[in-house]
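Engineer: Mind looking over this structure? Questions follow.
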Amino acid sequence: MADAILQVTGLSVRYGKVEALHDGKLAVGAGQIVSVIGPNGAGKSTLLNAIMGALPFTGYAKGTVRYQGEDVSALAIEKRVSRGMCLVPEKRELFASMTVEDNLVLGAYRRKRAGERNFLDQLNHVFDSFPRLKERRKQAAGTLSGGERQMPPVGRALTGKPDLLMLDLALGWRR
Ligand SMILES: Nc1ncnc2c1ncn2[C@@H]1O[C@H](COP(=O)(O)OP(=O)(O)OP(=O)(O)O)[C@@H](O)[C@H]1O
Ligand SMILES: [Mg+2]
């Protein structure tokens, strides 16, 4: 794809002797929504974590991740974040003792540091998308219900206004 925002080629990941991903490739164009589907253990989270540079220390990746025309394969995760890449990991994390609102504001930290004056401009959009979070904005995030706890990590990603948003969704399968 000529104008791909993300271009992944020959991406293989090993955890010790186990090869979890073999020769992965993926291209995402600007404005595109791309789904990666597969059974449990197929390597979807491994693929996204490797693209983000967020593999556990036991994981070893080889291959190329090009983002906005730049080879970011060797860049640390914080450098990829500062370029506008964002991953909502499968295991949703939040800062339990901080308020819901502060959890969301944290997502805009990169934009604040980059000197954007309107770095909180996405907050109201997030509250529109997640009215439950708006209701509970002053509540400690650790007191949210199981389902509600899934919302701040997604909202936090959106306040960061990333150029590439990757969502690692854990779906329940019914047969
Ligand atoms: N840190 C690790 N150490 C060793 N093996 C791992 C590690 N992480 C993942 N694996 C293995 O790599 C394979 C791919 O795992 P991965 O989490 O990428 O799958 P997935 O497609 O995201 O699955 P699911 O749909 O269940 O989330 C699995 O067999 C898993 O057991
Ligand atoms: Mg997974």
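Chains: A, B, ... in order of the structure tokens. Residues: from 1 per chain. Ligands: from 1, in order shown.
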If the limit is 7 Å from any atom of ligand 2, counting only C-alpha atoms and all ligand atoms, which residues qualify? Return them as a PDB file with C-alpha atoms, in the first residue's frame.

Structural biologist:
ATOM      1  CA  ASN A  40      -7.284 -17.877  21.001  1.00  0.00           C
ATOM      2  CA  GLY A  41      -3.512 -18.158  20.942  1.00  0.00           C
ATOM      3  CA  GLY A  43      -0.873 -14.362  17.988  1.00  0.00           C
ATOM      4  CA  LYS A  44      -3.089 -11.262  17.736  1.00  0.00           C
ATOM      5  CA  SER A  45      -1.902  -9.676  20.989  1.00  0.00           C
ATOM      6  CA  GLU A  90      -5.792  -6.645  26.187  1.00  0.00           C
ATOM      7  CA  ASP A 168      -6.685  -5.351  21.616  1.00  0.00           C
ATOM      8  CA  ALA A 170     -10.916  -9.664  24.233  1.00  0.00           C
TER       9      ALA A 170
END

Engineer: Leaving out segment 111-118 of chain A and any residue of its chain fewer than 6 positions from it, which residues lie within 9 Å of it when counting only C-alpha atoms, given as a ChimeraX atom specification?

Structural biologist: /A:82,160-161

Engineer: Generate the output file for the selected residues, N, CA and C atoms, as a PDB file, in the first residue's frame.

Structural biologist:
ATOM      1  N   SER A  82       5.346   8.848  21.332  1.00  0.00           N
ATOM      2  CA  SER A  82       5.515  10.278  21.018  1.00  0.00           C
ATOM      3  C   SER A  82       5.296  10.559  19.531  1.00  0.00           C
ATOM      4  N   GLY A 160      -5.618  11.121  24.023  1.00  0.00           N
ATOM      5  CA  GLY A 160      -4.288  11.328  23.441  1.00  0.00           C
ATOM      6  C   GLY A 160      -4.336  11.631  21.951  1.00  0.00           C
ATOM      7  N   LYS A 161      -5.514  11.526  21.341  1.00  0.00           N
ATOM      8  CA  LYS A 161      -5.721  11.812  19.913  1.00  0.00           C
ATOM      9  C   LYS A 161      -4.614  11.174  19.068  1.00  0.00           C
TER      10      LYS A 161
END

Engineer: Check segment 2-130 of chain A with DSSP on the backbone and list each residue it calls strand (DSSP E), as a PyMOL selection string.

Structural biologist: chain A and resi 4-15+18-29+59-67+70-71+85-88

Engineer: Please find the residues contacting ligand 1 at a distance of at most 9 Å between atoms, with only C-alpha atoms and all ligand atoms counted, and report them as a PyMOL selection string.

Structural biologist: chain A and resi 13-21+37-49+55-59+90+168-171

Engineer: Go ahead and save the picked residues with C-alpha atoms, as a PDB file, in the first residue's frame.

Structural biologist:
ATOM      1  CA  VAL A  13       8.064 -13.143  17.431  1.00  0.00           C
ATOM      2  CA  ARG A  14       9.560 -15.805  19.671  1.00  0.00           C
ATOM      3  CA  TYR A  15       8.998 -16.390  23.360  1.00  0.00           C
ATOM      4  CA  GLY A  16      12.036 -18.537  24.095  1.00  0.00           C
ATOM      5  CA  LYS A  17      11.768 -21.554  21.816  1.00  0.00           C
ATOM      6  CA  VAL A  18       8.128 -20.922  20.918  1.00  0.00           C
ATOM      7  CA  GLU A  19       7.473 -18.957  17.752  1.00  0.00           C
ATOM      8  CA  ALA A  20       4.174 -17.154  18.434  1.00  0.00           C
ATOM      9  CA  LEU A  21       4.084 -15.173  15.205  1.00  0.00           C
ATOM     10  CA  ILE A  37      -9.212 -11.869  13.826  1.00  0.00           C
ATOM     11  CA  GLY A  38      -8.180 -15.360  14.842  1.00  0.00           C
ATOM     12  CA  PRO A  39      -8.679 -18.039  17.478  1.00  0.00           C
ATOM     13  CA  ASN A  40      -7.284 -17.877  21.001  1.00  0.00           C
ATOM     14  CA  GLY A  41      -3.512 -18.158  20.942  1.00  0.00           C
ATOM     15  CA  ALA A  42      -3.243 -17.250  17.249  1.00  0.00           C
ATOM     16  CA  GLY A  43      -0.873 -14.362  17.988  1.00  0.00           C
ATOM     17  CA  LYS A  44      -3.089 -11.262  17.736  1.00  0.00           C
ATOM     18  CA  SER A  45      -1.902  -9.676  20.989  1.00  0.00           C
ATOM     19  CA  THR A  46       1.665 -10.637  20.125  1.00  0.00           C
ATOM     20  CA  LEU A  47       1.316  -8.831  16.783  1.00  0.00           C
ATOM     21  CA  LEU A  48      -0.076  -5.637  18.353  1.00  0.00           C
ATOM     22  CA  ASN A  49       2.435  -5.642  21.215  1.00  0.00           C
ATOM     23  CA  LEU A  55       6.537  -7.178  24.109  1.00  0.00           C
ATOM     24  CA  PRO A  56       7.421  -8.704  27.483  1.00  0.00           C
ATOM     25  CA  PHE A  57      11.165  -9.038  28.028  1.00  0.00           C
ATOM     26  CA  THR A  58      10.874 -12.749  27.197  1.00  0.00           C
ATOM     27  CA  GLY A  59       9.650 -11.862  23.694  1.00  0.00           C
ATOM     28  CA  GLU A  90      -5.792  -6.645  26.187  1.00  0.00           C
ATOM     29  CA  ASP A 168      -6.685  -5.351  21.616  1.00  0.00           C
ATOM     30  CA  LEU A 169     -10.214  -6.497  22.301  1.00  0.00           C
ATOM     31  CA  ALA A 170     -10.916  -9.664  24.233  1.00  0.00           C
ATOM     32  CA  LEU A 171     -14.188 -10.992  22.901  1.00  0.00           C
TER      33      LEU A 171
END

Engineer: So which one's closest to Gly107 of chain A, A:Gly31, A:Gly69, A:Gly84, A:Gly142? Using only C-alpha atoms, please.

Structural biologist: A:Gly84

Engineer: Excluding segment 4-7 of chain A and residues on its chain fewer than 2 positions from it, collect all residues at most 10 Å away from it, counting only C-alpha atoms, and give them as a list in words.

Structural biologist: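 The residues that qualify are Met1, Ala2, Thr9, Lys25, Leu26, Ala27, Val28, Gly29, Ala30, Gly31, Gln32, Ile51, Thr64, Val65, Arg66, Tyr67, Gln68, Gly69, Glu70, Asp71, Met85, Asp163 and Leu164 of chain A.
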
Engineer: In Å to one decimal, how far is atom CA of Ser35 of chain A from atom CA of Gly147 of chain A?

Structural biologist: 22.4 Å

Engineer: Could you state the separation of atom CA of Thr159 of chain A and atom CA of Ala74 of chain A in Å, given to one decimal place?

Structural biologist: 26.4 Å

Engineer: Please identify the alpha helix (DSSP H) residues within segment 111-164 of chain A (assignment by DSSP from backbone atoms) and present them as number ranges by chain.

Structural biologist: A: 111-113, 123-129, 131-135, 151-159
